[in-house]
Each structure stands twice: as C-alpha cells, then as structure tokens.
file upload23.txt (compact mmCIF, C-alpha atoms)
# COMPACT_ATOMS: atom_id res chain seq x y z
CA MET K 995 72.12 -125.05 15.49
CA VAL K 996 71.44 -121.43 14.75
CA SER K 997 73.44 -120.44 11.71
CA ILE K 998 73.91 -116.72 11.14
CA GLU K 999 74.90 -115.62 7.67
CA ASN K 1000 76.28 -112.15 7.31
CA GLY K 1001 74.94 -111.95 3.78
CA SER K 1002 77.06 -108.89 3.04
CA THR K 1003 78.02 -107.84 -0.46
CA ALA K 1004 81.32 -106.33 -1.51
CA ALA K 1005 81.97 -102.97 0.11
CA THR K 1006 81.27 -99.99 -2.07
CA THR K 1007 81.41 -96.26 -1.63
CA ASN K 1008 78.26 -95.81 -3.65
CA ALA K 1009 75.36 -96.54 -1.24
CA HIS K 1010 72.80 -96.04 -4.04
CA ALA K 1011 74.42 -98.64 -6.27
CA ALA K 1012 74.73 -101.14 -3.43
CA ALA K 1013 71.09 -100.73 -2.52
CA ALA K 1014 70.02 -101.02 -6.16
CA ALA K 1015 71.98 -104.25 -6.43
CA GLU K 1016 69.86 -105.62 -3.59
CA GLY K 1017 66.67 -104.76 -5.41
CA VAL K 1018 65.82 -101.63 -3.43
CA ALA K 1019 63.51 -99.40 -5.47
CA TYR K 1020 64.22 -95.65 -5.56
CA PRO K 1021 61.76 -92.96 -6.63
CA PRO K 1022 62.07 -91.43 -10.10
CA VAL K 1023 64.72 -88.75 -10.45
CA SER K 1024 63.27 -85.25 -10.46
CA GLN K 1025 65.05 -81.89 -10.73
CA ALA K 1026 64.37 -79.69 -7.72
CA ASN K 1027 66.10 -77.76 -5.00
CA GLY K 1028 68.51 -76.01 -7.30
CA GLY K 1029 68.94 -78.83 -9.76
CA GLN K 1030 69.63 -81.58 -7.23
CA SER K 1031 67.80 -84.86 -7.77
CA GLU K 1032 65.82 -86.54 -5.02
CA ASN K 1033 68.39 -89.33 -5.10
CA ASP K 1034 71.17 -86.83 -4.47
CA LEU K 1035 69.31 -85.37 -1.50
CA SER K 1036 68.57 -88.84 -0.15
CA ARG K 1037 72.23 -89.81 -0.56
CA LYS K 1038 73.38 -86.67 1.26
CA ARG K 1039 70.95 -87.36 4.10
CA ARG K 1040 72.19 -90.91 4.42
CA MET K 1041 75.82 -89.91 4.43
CA SER K 1042 75.17 -87.19 7.01
CA VAL K 1043 74.25 -89.79 9.65
CA LEU K 1044 77.53 -91.69 9.23
CA PRO K 1045 79.17 -93.08 11.17
CA LEU K 1046 76.16 -94.38 13.05
CA GLU K 1047 76.21 -93.74 16.79
CA VAL K 1048 75.78 -96.49 19.38
CA GLY K 1049 72.08 -96.62 20.25
CA THR K 1050 70.93 -95.74 16.71
CA ARG K 1051 67.93 -97.69 15.45
CA VAL K 1052 67.83 -98.69 11.81
CA ASN K 1053 66.56 -101.48 9.56
CA CYS K 1054 69.04 -104.22 8.67
CA ARG K 1055 68.95 -106.96 6.03
CA TRP K 1056 68.93 -110.31 7.85
CA ARG K 1057 69.72 -113.83 6.61
CA ASP K 1058 66.12 -114.23 5.36
CA GLY K 1059 66.77 -111.42 2.85
CA LYS K 1060 64.28 -109.13 4.58
CA TYR K 1061 64.86 -105.95 6.57
CA HIS K 1062 64.32 -106.06 10.34
CA PRO K 1063 64.61 -103.32 12.99
CA VAL K 1064 67.91 -103.35 14.88
CA LYS K 1065 69.67 -101.30 17.52
CA VAL K 1066 73.38 -100.49 17.16
CA ILE K 1067 75.11 -101.96 20.20
CA GLU K 1068 78.74 -101.26 19.26
CA ARG K 1069 80.85 -100.17 16.31
CA ARG K 1070 84.47 -100.65 15.25
CA LYS K 1071 86.70 -99.17 12.58
CA LEU K 1072 87.62 -101.32 9.64
CA PRO K 1073 91.16 -101.59 8.24
CA ALA K 1074 92.33 -98.54 6.30
CA ASP K 1075 91.94 -100.24 2.93
CA GLU K 1076 88.23 -100.80 3.48
CA ALA K 1077 85.87 -98.48 1.60
CA ASN K 1078 83.52 -98.08 4.57
CA ASP K 1079 85.00 -96.86 7.83
CA TYR K 1080 82.93 -98.89 10.32
CA GLU K 1081 81.08 -102.10 10.83
CA TYR K 1082 78.34 -102.33 13.43
CA TYR K 1083 77.32 -104.83 16.08
CA VAL K 1084 73.52 -104.89 16.07
CA HIS K 1085 70.70 -106.40 18.12
CA TYR K 1086 67.61 -107.50 16.19
CA THR K 1087 64.88 -106.09 18.41
CA GLU K 1088 62.39 -108.78 17.34
CA PHE K 1089 64.67 -111.64 18.31
CA ASN K 1090 66.78 -113.14 21.10
CA ARG K 1091 70.26 -111.77 21.78
CA ARG K 1092 71.79 -114.95 20.39
CA LEU K 1093 71.23 -113.55 16.89
CA ASP K 1094 73.21 -110.34 17.55
CA GLU K 1095 76.00 -109.96 14.99
CA TRP K 1096 78.50 -107.70 13.25
CA VAL K 1097 77.15 -106.32 9.95
CA LYS K 1098 78.56 -104.27 7.09
CA LEU K 1099 77.26 -100.83 6.20
CA GLU K 1100 75.62 -102.05 3.00
CA GLN K 1101 73.29 -104.30 5.03
CA LEU K 1102 71.73 -101.23 6.67
CA ASP K 1103 68.91 -99.13 5.23
CA LEU K 1104 70.18 -95.65 6.06
CA ASN K 1105 66.85 -94.09 5.05
CA SER K 1106 65.33 -95.75 8.12
CA VAL K 1107 67.79 -94.31 10.66
CA GLU K 1108 66.25 -93.18 13.96
CA THR K 1109 68.56 -91.79 16.63
CA ASP K 1110 66.04 -91.00 19.38
CA VAL K 1111 63.21 -93.47 19.88
CA ASP K 1112 60.99 -94.02 22.90
CA GLU K 1113 61.64 -97.72 23.56
CA LYS K 1114 58.12 -98.43 24.83
CA VAL K 1115 56.57 -96.86 21.72
CA GLU K 1116 59.06 -98.64 19.47
CA ASP K 1117 58.32 -102.02 21.05
CA LYS K 1118 54.57 -101.42 20.67
CA VAL K 1119 54.94 -100.52 16.98
CA THR K 1120 57.12 -103.59 16.37
CA SER K 1121 54.54 -105.79 18.09
CA LEU K 1122 51.70 -104.41 15.97
CA LYS K 1123 53.61 -105.16 12.77
CA MET K 1124 54.18 -108.83 13.62
CA THR K 1125 51.79 -111.61 12.72
CA ARG K 1126 50.42 -113.96 15.39
CA HIS K 1127 52.78 -116.71 14.16
CA GLN K 1128 55.80 -114.37 14.36
CA LYS K 1129 54.87 -113.32 17.90
CA ARG K 1130 54.59 -116.94 19.00
CA LYS K 1131 57.97 -117.85 17.52
CA ILE K 1132 59.60 -114.80 19.12
CA ASP K 1133 58.02 -115.57 22.48
CA GLU K 1134 59.54 -119.04 22.28
CA THR K 1135 63.05 -117.61 21.89
CA HIS K 1136 62.87 -114.40 23.88
CA VAL K 1137 62.54 -115.53 27.51
CA GLU K 1138 65.85 -114.07 28.64
CA GLY K 1139 66.07 -115.82 32.02
CA HIS K 1140 66.95 -112.76 34.11
CA GLU K 1141 63.84 -112.63 36.27
CA GLU K 1142 65.82 -112.60 39.52
CA LEU K 1143 68.06 -109.66 38.51
CA ASP K 1144 67.10 -106.16 39.57
CA ALA K 1145 67.19 -103.34 37.02
CA ALA K 1146 70.70 -102.18 37.95
CA SER K 1147 72.14 -105.71 37.86
CA LEU K 1148 70.44 -106.40 34.52
CA ARG K 1149 71.93 -103.23 33.00
CA GLU K 1150 75.37 -104.18 34.31
CA HIS K 1151 75.02 -107.72 32.92
CA GLU K 1152 73.91 -106.49 29.49
CA GLU K 1153 76.68 -103.87 29.33
CA PHE K 1154 79.39 -106.38 30.26
CA THR K 1155 78.14 -109.07 27.87
CA LYS K 1156 76.68 -106.93 25.09
CA VAL K 1157 79.13 -108.02 22.37
CA LYS K 1158 80.05 -111.61 21.59
CA ASN K 1159 83.81 -111.89 21.98
CA ILE K 1160 84.12 -115.30 20.29
CA ALA K 1161 82.23 -115.66 17.01
CA THR K 1162 82.82 -119.35 16.30
CA ILE K 1163 84.37 -122.43 17.89
CA GLU K 1164 85.62 -125.70 16.45
CA LEU K 1165 84.64 -128.72 18.54
CA GLY K 1166 85.33 -132.11 17.01
CA ARG K 1167 83.96 -132.22 13.48
CA TYR K 1168 81.73 -129.18 13.98
CA GLU K 1169 82.32 -125.49 13.52
CA ILE K 1170 79.69 -123.82 15.70
CA GLU K 1171 78.57 -120.19 15.69
CA THR K 1172 78.32 -118.92 19.24
CA TRP K 1173 75.34 -117.16 20.81
CA TYR K 1174 76.62 -115.09 23.73
CA PHE K 1175 79.64 -113.53 25.45
CA SER K 1176 81.89 -115.75 27.57
CA PRO K 1177 84.60 -114.37 29.91
CA PHE K 1178 87.66 -116.12 28.52
CA PRO K 1179 91.04 -115.06 29.97
CA PRO K 1180 92.48 -111.73 28.68
CA GLU K 1181 95.05 -113.45 26.45
CA TYR K 1182 92.15 -114.56 24.23
CA ASN K 1183 90.78 -111.03 23.72
CA ASP K 1184 92.19 -110.86 20.19
CA CYS K 1185 90.50 -114.11 19.09
CA THR K 1186 87.21 -114.47 17.26
CA LYS K 1187 87.53 -118.24 16.85
CA LEU K 1188 88.70 -120.87 19.35
CA PHE K 1189 89.62 -124.52 18.84
CA PHE K 1190 88.50 -126.95 21.58
CA CYS K 1191 89.79 -130.41 22.30
CA GLU K 1192 86.51 -132.32 22.38
CA PHE K 1193 87.78 -134.70 25.07
CA CYS K 1194 89.56 -132.55 27.70
CA LEU K 1195 87.95 -129.23 26.56
CA ASN K 1196 91.24 -127.32 26.53
CA PHE K 1197 90.98 -124.47 24.03
CA MET K 1198 93.56 -122.93 21.70
CA LYS K 1199 93.89 -119.95 19.38
CA ARG K 1200 95.05 -121.79 16.28
CA LYS K 1201 94.25 -125.01 14.44
CA GLU K 1202 97.92 -125.99 14.48
CA GLN K 1203 97.97 -125.82 18.29
CA LEU K 1204 94.92 -128.09 18.47
CA GLN K 1205 96.50 -130.60 16.10
CA ARG K 1206 99.67 -130.76 18.22
CA HIS K 1207 97.55 -131.10 21.38
CA MET K 1208 95.46 -133.94 19.92
CA ARG K 1209 98.62 -135.96 19.22
CA LYS K 1210 99.47 -135.80 22.94
CA CYS K 1211 96.03 -135.85 24.62
CA ASP K 1212 95.32 -139.35 25.92
CA LEU K 1213 91.66 -138.73 26.86
CA LYS K 1214 88.97 -140.27 24.68
CA HIS K 1215 86.03 -139.42 26.97
CA PRO K 1216 85.26 -136.93 29.76
CA PRO K 1217 87.08 -137.68 33.05
CA GLY K 1218 84.55 -139.66 35.06
CA ASP K 1219 82.90 -142.96 35.99
CA GLU K 1220 80.21 -144.92 34.21
CA ILE K 1221 76.94 -144.92 36.13
CA TYR K 1222 74.49 -146.15 33.47
CA ARG K 1223 74.53 -148.65 30.64
CA ASN K 1224 71.67 -150.07 28.63
CA GLY K 1225 72.92 -152.01 25.64
CA THR K 1226 74.79 -149.43 23.59
CA LEU K 1227 73.39 -146.66 25.78
CA SER K 1228 75.71 -145.67 28.61
CA MET K 1229 76.01 -142.87 31.14
CA PHE K 1230 78.99 -141.50 33.07
CA GLU K 1231 79.37 -139.01 35.93
CA LEU K 1232 82.14 -136.42 36.48
CA LEU K 1233 82.87 -137.41 39.69
CA LYS K 1234 81.23 -140.11 37.53
CA ALA K 1235 80.21 -140.25 33.84
CA LEU K 1236 77.30 -141.06 31.48
CA CYS K 1237 77.67 -143.14 28.35
CA ALA K 1238 74.70 -143.51 26.02
CA SER K 1239 73.75 -144.89 22.63
CA LEU K 1240 70.63 -145.41 20.61
CA LYS K 1241 70.41 -147.91 17.74
CA ALA K 1242 73.76 -147.63 15.93
CA LEU K 1243 74.57 -144.41 17.80
CA ARG K 1244 76.40 -144.76 21.13
CA LEU K 1245 76.06 -142.05 23.75
CA PHE K 1246 78.37 -141.44 26.67
CA LYS K 1247 77.39 -139.48 29.76
CA THR K 1248 79.83 -138.53 32.48
CA GLU K 1249 79.40 -137.13 35.96
CA VAL K 1250 82.27 -134.76 36.74
CA ASP K 1251 83.12 -133.61 40.24
CA GLY K 1252 84.01 -129.94 39.85
CA LYS K 1253 86.54 -130.19 42.70
CA LYS K 1254 88.31 -133.33 41.46
CA ASN K 1255 88.27 -132.20 37.82
CA LYS K 1256 88.51 -128.45 38.30
CA VAL K 1257 90.19 -127.53 35.00
CA TYR K 1258 87.73 -129.62 33.01
CA GLY K 1259 84.83 -128.07 34.95
CA GLN K 1260 86.09 -124.54 34.30
CA ASN K 1261 86.59 -125.22 30.60
CA LEU K 1262 83.10 -126.69 30.43
CA CYS K 1263 81.73 -123.48 31.97
CA TYR K 1264 83.63 -121.30 29.46
CA LEU K 1265 82.18 -123.39 26.65
CA ALA K 1266 78.65 -123.41 28.07
CA LYS K 1267 78.59 -119.64 28.60
CA LEU K 1268 78.90 -119.19 24.82
CA PHE K 1269 75.38 -120.65 24.55
CA LEU K 1270 73.77 -119.67 27.89
CA ASP K 1271 72.98 -115.99 28.39
CA HIS K 1272 72.13 -116.24 32.09
CA LYS K 1273 75.03 -118.42 33.25
CA THR K 1274 77.31 -116.65 35.77
CA LEU K 1275 79.44 -119.51 37.22
CA TYR K 1276 82.93 -119.49 35.70
CA TYR K 1277 85.51 -120.49 38.32
CA ASP K 1278 83.76 -121.72 41.48
CA VAL K 1279 83.06 -125.25 40.28
CA ASP K 1280 84.00 -127.06 43.52
CA LEU K 1281 80.39 -127.14 44.76
CA PHE K 1282 78.99 -128.77 41.62
CA LEU K 1283 78.72 -132.12 39.88
CA PHE K 1284 78.73 -132.19 36.08
CA TYR K 1285 76.93 -134.80 33.95
CA VAL K 1286 78.27 -134.83 30.40
CA LEU K 1287 76.41 -136.56 27.59
CA CYS K 1288 78.41 -137.85 24.64
CA GLU K 1289 78.03 -139.75 21.40
CA CYS K 1290 80.63 -142.51 21.11
CA ASP K 1291 82.25 -144.09 18.08
CA ASP K 1292 85.58 -145.74 17.30
CA ARG K 1293 87.40 -142.42 17.72
CA GLY K 1294 86.06 -141.75 21.22
CA CYS K 1295 83.16 -140.16 23.09
CA HIS K 1296 82.04 -136.77 21.75
CA MET K 1297 80.19 -134.35 24.01
CA VAL K 1298 76.68 -133.38 22.92
CA GLY K 1299 75.48 -131.66 26.11
CA TYR K 1300 75.57 -131.61 29.89
CA PHE K 1301 73.82 -130.62 33.07
CA SER K 1302 75.24 -129.61 36.43
CA LYS K 1303 73.83 -129.79 39.94
CA GLU K 1304 74.86 -128.61 43.37
CA LYS K 1305 76.32 -131.25 45.66
CA HIS K 1306 74.12 -129.90 48.46
CA SER K 1307 71.11 -127.67 47.72
CA GLU K 1308 68.99 -126.05 50.42
CA GLU K 1309 66.33 -125.18 47.82
CA SER K 1310 65.91 -128.75 46.46
CA TYR K 1311 67.57 -127.85 43.15
CA ASN K 1312 68.37 -130.98 41.17
CA LEU K 1313 69.81 -129.10 38.21
CA ALA K 1314 71.80 -125.87 37.98
CA CYS K 1315 72.57 -125.51 34.26
CA ILE K 1316 71.60 -127.57 31.23
CA LEU K 1317 72.86 -127.32 27.67
CA THR K 1318 72.60 -129.30 24.47
CA LEU K 1319 75.18 -128.06 21.98
CA PRO K 1320 73.60 -126.56 18.81
CA PRO K 1321 74.60 -129.37 16.39
CA TYR K 1322 72.77 -131.91 18.58
CA GLN K 1323 69.59 -130.02 19.37
CA ARG K 1324 66.14 -131.33 18.38
CA LYS K 1325 67.27 -134.94 18.86
CA GLY K 1326 65.78 -135.56 22.30
CA TYR K 1327 69.01 -135.13 24.26
CA GLY K 1328 67.78 -132.19 26.33
CA LYS K 1329 64.71 -134.12 27.47
CA PHE K 1330 66.93 -137.10 28.27
CA LEU K 1331 69.13 -134.91 30.50
CA ILE K 1332 66.08 -133.53 32.32
CA ALA K 1333 64.62 -137.01 32.82
CA PHE K 1334 67.97 -138.26 34.09
CA SER K 1335 68.17 -135.45 36.67
CA TYR K 1336 64.79 -136.51 38.08
CA GLU K 1337 65.84 -140.17 38.20
CA LEU K 1338 68.80 -139.09 40.36
CA SER K 1339 66.35 -137.22 42.63
CA LYS K 1340 64.27 -140.37 42.99
CA LYS K 1341 67.39 -142.29 43.98
CA GLU K 1342 68.07 -139.62 46.60
CA GLY K 1343 64.49 -139.87 47.88
CA LYS K 1344 63.90 -136.18 47.23
CA VAL K 1345 61.72 -133.96 45.07
CA GLY K 1346 63.65 -131.68 42.74
CA THR K 1347 63.32 -128.54 40.69
CA PRO K 1348 65.68 -126.73 38.31
CA GLU K 1349 67.56 -123.71 39.59
CA ARG K 1350 66.12 -120.38 38.48
CA PRO K 1351 66.41 -118.49 36.26
CA LEU K 1352 66.18 -121.00 33.44
CA SER K 1353 67.49 -120.19 29.99
CA ASP K 1354 64.82 -119.66 27.36
CA LEU K 1355 65.33 -123.06 25.73
CA GLY K 1356 65.66 -124.69 29.15
CA LEU K 1357 62.29 -123.30 30.19
CA LEU K 1358 60.62 -124.66 27.05
CA SER K 1359 62.20 -128.08 27.60
CA TYR K 1360 61.04 -128.26 31.22
CA ARG K 1361 57.49 -127.19 30.39
CA GLY K 1362 57.35 -129.95 27.79
CA TYR K 1363 58.83 -132.56 30.15
CA TRP K 1364 56.49 -131.75 33.05
CA THR K 1365 53.50 -131.77 30.72
CA ARG K 1366 54.26 -135.18 29.20
CA VAL K 1367 55.13 -136.88 32.50
CA LEU K 1368 52.05 -135.62 34.34
CA LEU K 1369 49.62 -136.25 31.50
CA ASP K 1370 50.91 -139.80 31.02
CA ILE K 1371 50.21 -140.55 34.70
CA LEU K 1372 46.77 -138.89 34.68
CA LYS K 1373 45.81 -140.78 31.53
CA LYS K 1374 46.67 -144.18 33.07
CA HIS K 1375 45.54 -143.52 36.64
CA LYS K 1376 42.13 -144.70 37.80
CA GLY K 1377 40.35 -142.64 40.41
CA ASN K 1378 41.44 -139.48 42.22
CA ILE K 1379 45.05 -138.48 42.66
CA SER K 1380 46.53 -135.58 44.63
CA ILE K 1381 49.34 -133.21 43.73
CA LYS K 1382 51.42 -134.67 46.58
CA GLU K 1383 50.96 -138.16 45.17
CA LEU K 1384 52.04 -136.92 41.75
CA SER K 1385 55.08 -135.31 43.35
CA ASP K 1386 56.00 -138.52 45.18
CA MET K 1387 55.70 -140.54 41.95
CA THR K 1388 57.68 -138.15 39.73
CA ALA K 1389 60.08 -136.30 42.10
CA ILE K 1390 58.72 -133.10 40.54
CA LYS K 1391 58.22 -130.32 43.07
CA ALA K 1392 54.57 -129.63 43.95
CA GLU K 1393 54.81 -126.00 42.82
CA ASP K 1394 55.98 -127.07 39.35
CA ILE K 1395 53.14 -129.60 39.11
CA LEU K 1396 50.57 -127.01 40.14
CA SER K 1397 51.81 -124.37 37.69
CA THR K 1398 51.94 -126.90 34.84
CA LEU K 1399 48.40 -128.20 35.43
CA GLN K 1400 47.10 -124.65 35.82
CA SER K 1401 48.64 -123.66 32.48
CA LEU K 1402 46.79 -126.63 30.94
CA GLU K 1403 43.56 -125.58 32.71
CA LEU K 1404 43.35 -128.95 34.45
CA ILE K 1405 43.06 -127.50 37.97
CA GLN K 1406 39.95 -126.23 39.70
CA TYR K 1407 39.71 -124.74 43.20
CA ARG K 1408 36.86 -126.32 45.17
CA LYS K 1409 36.05 -126.04 48.88
CA GLY K 1410 39.45 -124.65 49.77
CA GLN K 1411 41.56 -127.14 47.84
CA HIS K 1412 42.89 -127.72 44.32
CA VAL K 1413 41.13 -130.47 42.37
CA ILE K 1414 42.56 -132.08 39.21
CA CYS K 1415 40.02 -132.37 36.38
CA ALA K 1416 41.32 -134.99 33.93
CA ASP K 1417 38.92 -135.45 31.04
CA PRO K 1418 40.44 -138.13 28.72
CA LYS K 1419 39.76 -136.15 25.54
CA VAL K 1420 41.39 -133.04 27.02
CA LEU K 1421 44.41 -135.09 28.12
CA ASP K 1422 44.78 -136.57 24.61
CA ARG K 1423 44.63 -133.10 23.08
CA HIS K 1424 47.32 -131.75 25.42
CA LEU K 1425 49.52 -134.82 24.90
CA LYS K 1426 49.35 -134.37 21.14
CA ALA K 1427 50.27 -130.69 21.48
CA ALA K 1428 53.20 -131.55 23.79
CA GLY K 1429 54.88 -133.58 21.05
CA ARG K 1430 57.14 -136.60 21.42
CA GLY K 1431 59.27 -137.23 24.47
CA GLY K 1432 63.03 -137.65 24.57
CA LEU K 1433 65.15 -140.76 24.97
CA ASP K 1434 63.93 -143.06 27.76
CA VAL K 1435 65.98 -143.67 30.90
CA ASP K 1436 65.87 -147.31 32.05
CA VAL K 1437 66.24 -146.88 35.82
CA SER K 1438 67.07 -150.57 36.29
CA LYS K 1439 70.37 -149.87 34.51
CA LEU K 1440 71.32 -146.92 36.73
CA ILE K 1441 74.12 -147.81 39.18
CA TRP K 1442 74.68 -144.66 41.21
CA THR K 1443 75.30 -143.66 44.81
CA PRO K 1444 74.08 -140.20 45.90
CA TYR K 1445 76.91 -137.81 46.66
CA LYS K 1446 76.27 -137.61 50.40
CA GLU K 1447 76.81 -141.39 50.66
CA GLN K 1448 80.10 -141.43 48.79
CA GLY K 1449 83.36 -141.75 50.68

call {"tool": "encode", "arguments": {"input": "upload23.txt", "output": "structure tokens"}}
result
Amino acid sequence: MVSIENGSTAATTNAHAAAAAEGVAYPPVSQANGGQSENDLSRKRRMSVLPLEVGTRVNCRWRDGKYHPVKVIERRKLPADEANDYEYYVHYTEFNRRLDEWVKLEQLDLNSVETDVDEKVEDKVTSLKMTRHQKRKIDETHVEGHEELDAASLREHEEFTKVKNIATIELGRYEIETWYFSPFPPEYNDCTKLFFCEFCLNFMKRKEQLQRHMRKCDLKHPPGDEIYRNGTLSMFELLKALCASLKALRLFKTEVDGKKNKVYGQNLCYLAKLFLDHKTLYYDVDLFLFYVLCECDDRGCHMVGYFSKEKHSEESYNLACILTLPPYQRKGYGKFLIAFSYELSKKEGKVGTPERPLSDLGLLSYRGYWTRVLLDILKKHKGNISIKELSDMTAIKAEDILSTLQSLELIQYRKGQHVICADPKVLDRHLKAAGRGGLDVDVSKLIWTPYKEQG
C-alpha cells in the first residue's frame, strides 16, 4: 500500500524560519543594495511569486525528506485563520500520478520556482539527474495505460481526473490512501474520506452511518456462488463467487453478474477507480462478470481484490480490469487472479488476453505471469515446440507469447518462421529474474460452467 505522508510543519508567516527549521542552508548575510541583506532580497523574491499559479514548477519536500520537482495542478484557499492563504495540489514529475497530493506552502522551495518551462527540456533534465536505479523504479510505476487514447482524449481525461476527490477510504480494518479520482455522485463532492461496508460495498460519509449500516447489513460475503474450493481455499463468482484460503488464512472469491447484482457492481467500480487510473466503466456493468477475491475469518469474507471480464468478447478478452487492494499487494493475489482468468479460458476452450490498456501494475503482473508460465513449460519440454502449441497448452494468445519470448531474446527468425531457442542456462537465469509465482490454482477443484452455457 502506498502511504503518502504530508510531512508538513506548522504554518508560519516567516518562510526563512520555516526553511531553516528544515535544515535549509542560507548564504551569509551581506549588506548591499541600499542596506538590504541577501536574505531580505531572497525573501522578497519568494513572496513576489505567491500565490503560485497553476502550471508553476517548483521543488517540493516529499515523504523521503528530499526535494523533488513538481508541477502545480490545482490550488485552493485555506480557512481565514490559516497563516498561508493557499495549499497546492502537486504532481511529482518523476513519479506516477498516484503520488499526487495536497501540500502546504512550507513544503515548497520558493527559490526554485519556474513559471515557464519547456516540458521536453524539463523532462530531459530530470532524466539526466536520475540514477539508473531511479529510472528503473520510475519506469516500473509510470506506464500510465493510456496508449489507445488520442492526444485530445488524453488531455480531457487528465483535466477531468487531475485532482483526487477522495483522499482516504475506510474498508474493514484498513484505512487506505487513494491513488486516483473516482466519479462518485455529486452529493459526495464535499467528502475527502468515505466509509465502505466491506461486504455490500455501500459507502457513507460518516463513521456513525457505517456503524448503523453494519448493524443491519446481513451480508458476510460478496453476493455470488462458490465455484472453487481446495481445503481452506475457496472461490466464488458474482453471478458466482470465489472463496480462497492458504494455510491458516481463508480466501473467498466471488463471481458477480453485473446485471443481477448491479448496485454491488457499480459500487465495486467506484471503489476500483480510486486505484485504477485508466478505468472508465462506472455504470454500464450489465455486460460484465465480476470475480471478487476475499480473505475469510469468523467475522466474514473480506475483499482483497477482483477482476472483471466481458460476458461475450469479440476480441478474446478474458479480463477487463484487475485490482488487488493496496493492503494486500505483494502477497501473490494478483498473480492468482491472472492465473484464475486463464483457467476459465481453458474451461471455455478459448485463448485469452487482457483488455488493453492495462494499468501499470497490471502490465507488470502480466509480464511476470507470462514469463513464468512459458519458461516452466520450455524447461520441462523435450524437443521442439511451436508458439501455437504453447498457446493451446496455456490459453495465452499467440501474440502475447511471441512478445514475451522476444523480450527475453528467446526467439529467432529462420527461413520465414519464428524459432524458439531454449538454452537451459538462459531459461534458469530468466526464471530466477522473474521471481516467485503467485498462489496455485488447482483446476480439479474448479466447478464452473461458462456463461454461454448457463440458463
């Protein structure tokens, strides 16, 4: 879970004192320009740029205690009793939009203010300043997932969603900081925090409302049917549902039919949009199935993530959106959801591929999944094997197999056809780099009828 700390100090009208308190070194005082010190001139220059305009670029102190370049996306006036007039919503230009946040004036280095910057030059300078490790980490979190949007649509999307409207949510025992804008109904415009029922996903403005709701809500799991059980590991679908558990931990996964459970499906989309930048489906849930993964204990089944898929896809999509909630990330649940979507494709007798564009974390998860599945087969297989045979065995679309093997440099083009070159040492090296897989899906425990065959 990404945790963003504002790290602001108490507001003060003396910018010099605030900066000094943060350990910012100022040059020695010298008398010049009619008796004014350099500090006085610097202070006057800083105050002359206030309030900062939208679009201003400046350095901002982040949660790591260091200053990073940001762009001012929005500003708002503070209450009259505040010493500083505005606080600013900023985008850290080195990082993904999920880290955008409201900051106080004292977090900004006003000596670094730039109002007119050529974005291409600025990006090049930022890139040159970063180490190789920083660039790799930023690349991993900066694939925005808007490849299919044209320039005008992308500008419209970014303008509409530029400021997070909900800062935090409470879901079960977790308070979670959100990542992106979500189009909640207008009556929630004055809220920065929402309280979700973790079972029916209804959301409220106040904790007291949630407490009253929980006394009446009779759901203890998502509305759906169990389609998978393996010991303490279960799975349910909405139209059906998924229940799962590992060791002492029980998991519950549910398939939800967006038409039969429309309110739940809509609430799930509102929730998911807080953590998926590219997601655009809010109300039209009738055409989708939802598979909700939960951890279960004596109190009920608690959602940890989900994926959705179209009931009928002309493009062979077996997954539309996928999300693991921040408190449950890095536990193998995302890989489990991906693997489960491919097991459903195998049951349908089809190859599948995720709907594009993928979110940044979704793309990383899929690359890892495809790599591990294909390398495991190549390592065990004796003799030649074709891409079509790999596709038939895995339900992975041939194009995804080809792009994955090409990225691993395991494909050569000979005599008009692609040839897989699987040196055991190279395969071992790639497998080690791919890391561990997720939770295993035991297909013998899957009891599921494809949607087209249901009454």

call {"tool": "residues_around", "arguments": {"input": "upload23.txt", "residues": "Ser1359 in chain K", "least_positions_apart": "4", "cutoff": "12 Å", "atoms": "all atoms listed in the file", "output": "list in words"}}
result
Glu1134, Thr1135, Ile1316, Leu1317, Thr1318, Gln1323, Arg1324, Gly1326, Tyr1327, Gly1328, Lys1329, Phe1330, Leu1331, Ile1332, Ala1333, Pro1348, Leu1352, Ser1353, Asp1354, Leu1355, Tyr1363, Trp1364, Thr1365, Arg1366, Ala1428, Gly1429, Arg1430, Gly1431 and Gly1432 of chain K

call {"tool": "closest_residue", "arguments": {"input": "upload23.txt", "among": "K:His1296, K:Arg1070, K:Lys1305, K:Lys1439", "to": "Leu1165 in chain K", "atoms": "all atoms listed in the file"}}
result
K:His1296

call {"tool": "closest_residue", "arguments": {"input": "upload23.txt", "among": "K:Val1345, K:Asn1255, K:Glu1403, K:Gln1101", "to": "Leu1384 in chain K", "atoms": "all atoms listed in the file"}}
result
K:Val1345

call {"tool": "residues_around", "arguments": {"input": "upload23.txt", "residues": "Lys1391 in chain K", "least_positions_apart": "6", "cutoff": "6 Å", "atoms": "all atoms listed in the file", "output": "PyMOL selection string"}}
result
chain K and resi 1345-1347+1385

call {"tool": "atom_distance", "arguments": {"input": "upload23.txt", "atom1": "CA of Pro1180 in chain K", "atom2": "CA of Phe1301 in chain K"}}
result
26.9 Å

call {"tool": "closest_residue", "arguments": {"input": "upload23.txt", "among": "K:Glu1337, K:Glu1047, K:Asp1103, K:Asp1436", "to": "Met1387 in chain K", "atoms": "only C-alpha atoms"}}
result
K:Glu1337

call {"tool": "atom_distance", "arguments": {"input": "upload23.txt", "atom1": "CA of Cys1191 in chain K", "atom2": "CA of Leu1204 in chain K"}}
result
6.8 Å

call {"tool": "atom_distance", "arguments": {"input": "upload23.txt", "atom1": "CA of Glu1289 in chain K", "atom2": "CA of Arg1223 in chain K"}}
result
13.3 Å

call {"tool": "residues_around", "arguments": {"input": "upload23.txt", "residues": "Tyr1264 in chain K", "least_positions_apart": "3", "cutoff": "12 Å", "atoms": "all atoms listed in the file", "output": "ChimeraX atom specification"}}
result
/K:1160,1163,1172,1174-1179,1188,1190,1195-1197,1257-1261,1267-1271,1273-1277,1279

call {"tool": "closest_residue", "arguments": {"input": "upload23.txt", "among": "K:Lys1201, K:Arg1361, K:Lys1303, K:Arg1092", "to": "Ala1161 in chain K", "atoms": "only C-alpha atoms"}}
result
K:Arg1092

call {"tool": "residues_around", "arguments": {"input": "upload23.txt", "residues": "Tyr1082 in chain K", "least_positions_apart": "6", "cutoff": "8 Å", "atoms": "all atoms listed in the file", "output": "VMD selection string"}}
result
chain K and resid 1066 to 1070 1096 to 1099

call {"tool": "write_last_selection", "arguments": {"input": "upload23.txt", "atoms": "C-alpha atoms", "output": "PDB file, in the coordinates of the input"}}
result
ATOM      1  CA  VAL K1066      73.380-100.490  17.160  1.00  0.00           C
ATOM      2  CA  ILE K1067      75.110-101.960  20.200  1.00  0.00           C
ATOM      3  CA  GLU K1068      78.740-101.260  19.260  1.00  0.00           C
ATOM      4  CA  ARG K1069      80.850-100.170  16.310  1.00  0.00           C
ATOM      5  CA  ARG K1070      84.470-100.650  15.250  1.00  0.00           C
ATOM      6  CA  TRP K1096      78.500-107.700  13.250  1.00  0.00           C
ATOM      7  CA  VAL K1097      77.150-106.320   9.950  1.00  0.00           C
ATOM      8  CA  LYS K1098      78.560-104.270   7.090  1.00  0.00           C
ATOM      9  CA  LEU K1099      77.260-100.830   6.200  1.00  0.00           C
TER      10      LEU K1099
END
